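Trainee: To start, I am sharing the structure in question, which I have written as structure tokens.
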Amino acid sequence: MTLTEQIQKQLTRLPVEKQSEVLDFISFLQQRVASSQTVKPRSLKKHPAFGSWKNRKIDAVQYQQDLRAEWNRQ
């Protein structure tokens, strides 16, 4: 007996209102599967801001320290 046949056999033994709950649960599971398949992690290297400091003649660490020093003065 296949899994589908086992589910059908068990389902027919339930009252109609419980069968409706099973159908709702199946819909919930389908939505979860669909949403997990559509979300794919993106590489940060493909973000438009990636490499925006590449051609600047600025020491990024010094720039960051200068910014923090400004914050501490306030």
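Just remember, in the structure tokens the first chain shown is A, the second B, etc., residues are 1-based per chain, and ligands are 1-based in the order shown.
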From a DSSP pass on the backbone, collect the residues of chain A flagged as alpha helix (DSSP H) and hand them back as a ChimeraX atom specification.

Mentor: /A:3-12,16-38,60-73

Trainee: Atom CA of Thr38 of chain A and atom CA of Thr4 of chain A, how far apart in Å?

Mentor: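 Taking atom CA of Thr4 of chain A as the start and atom CA of Thr38 of chain A as the end point, the length is 26.4 Å.
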
Trainee: Interatomic distance between atom CA of Gln19 of chain A and atom CA of Gln6 of chain A?

Mentor: 14.4 Å
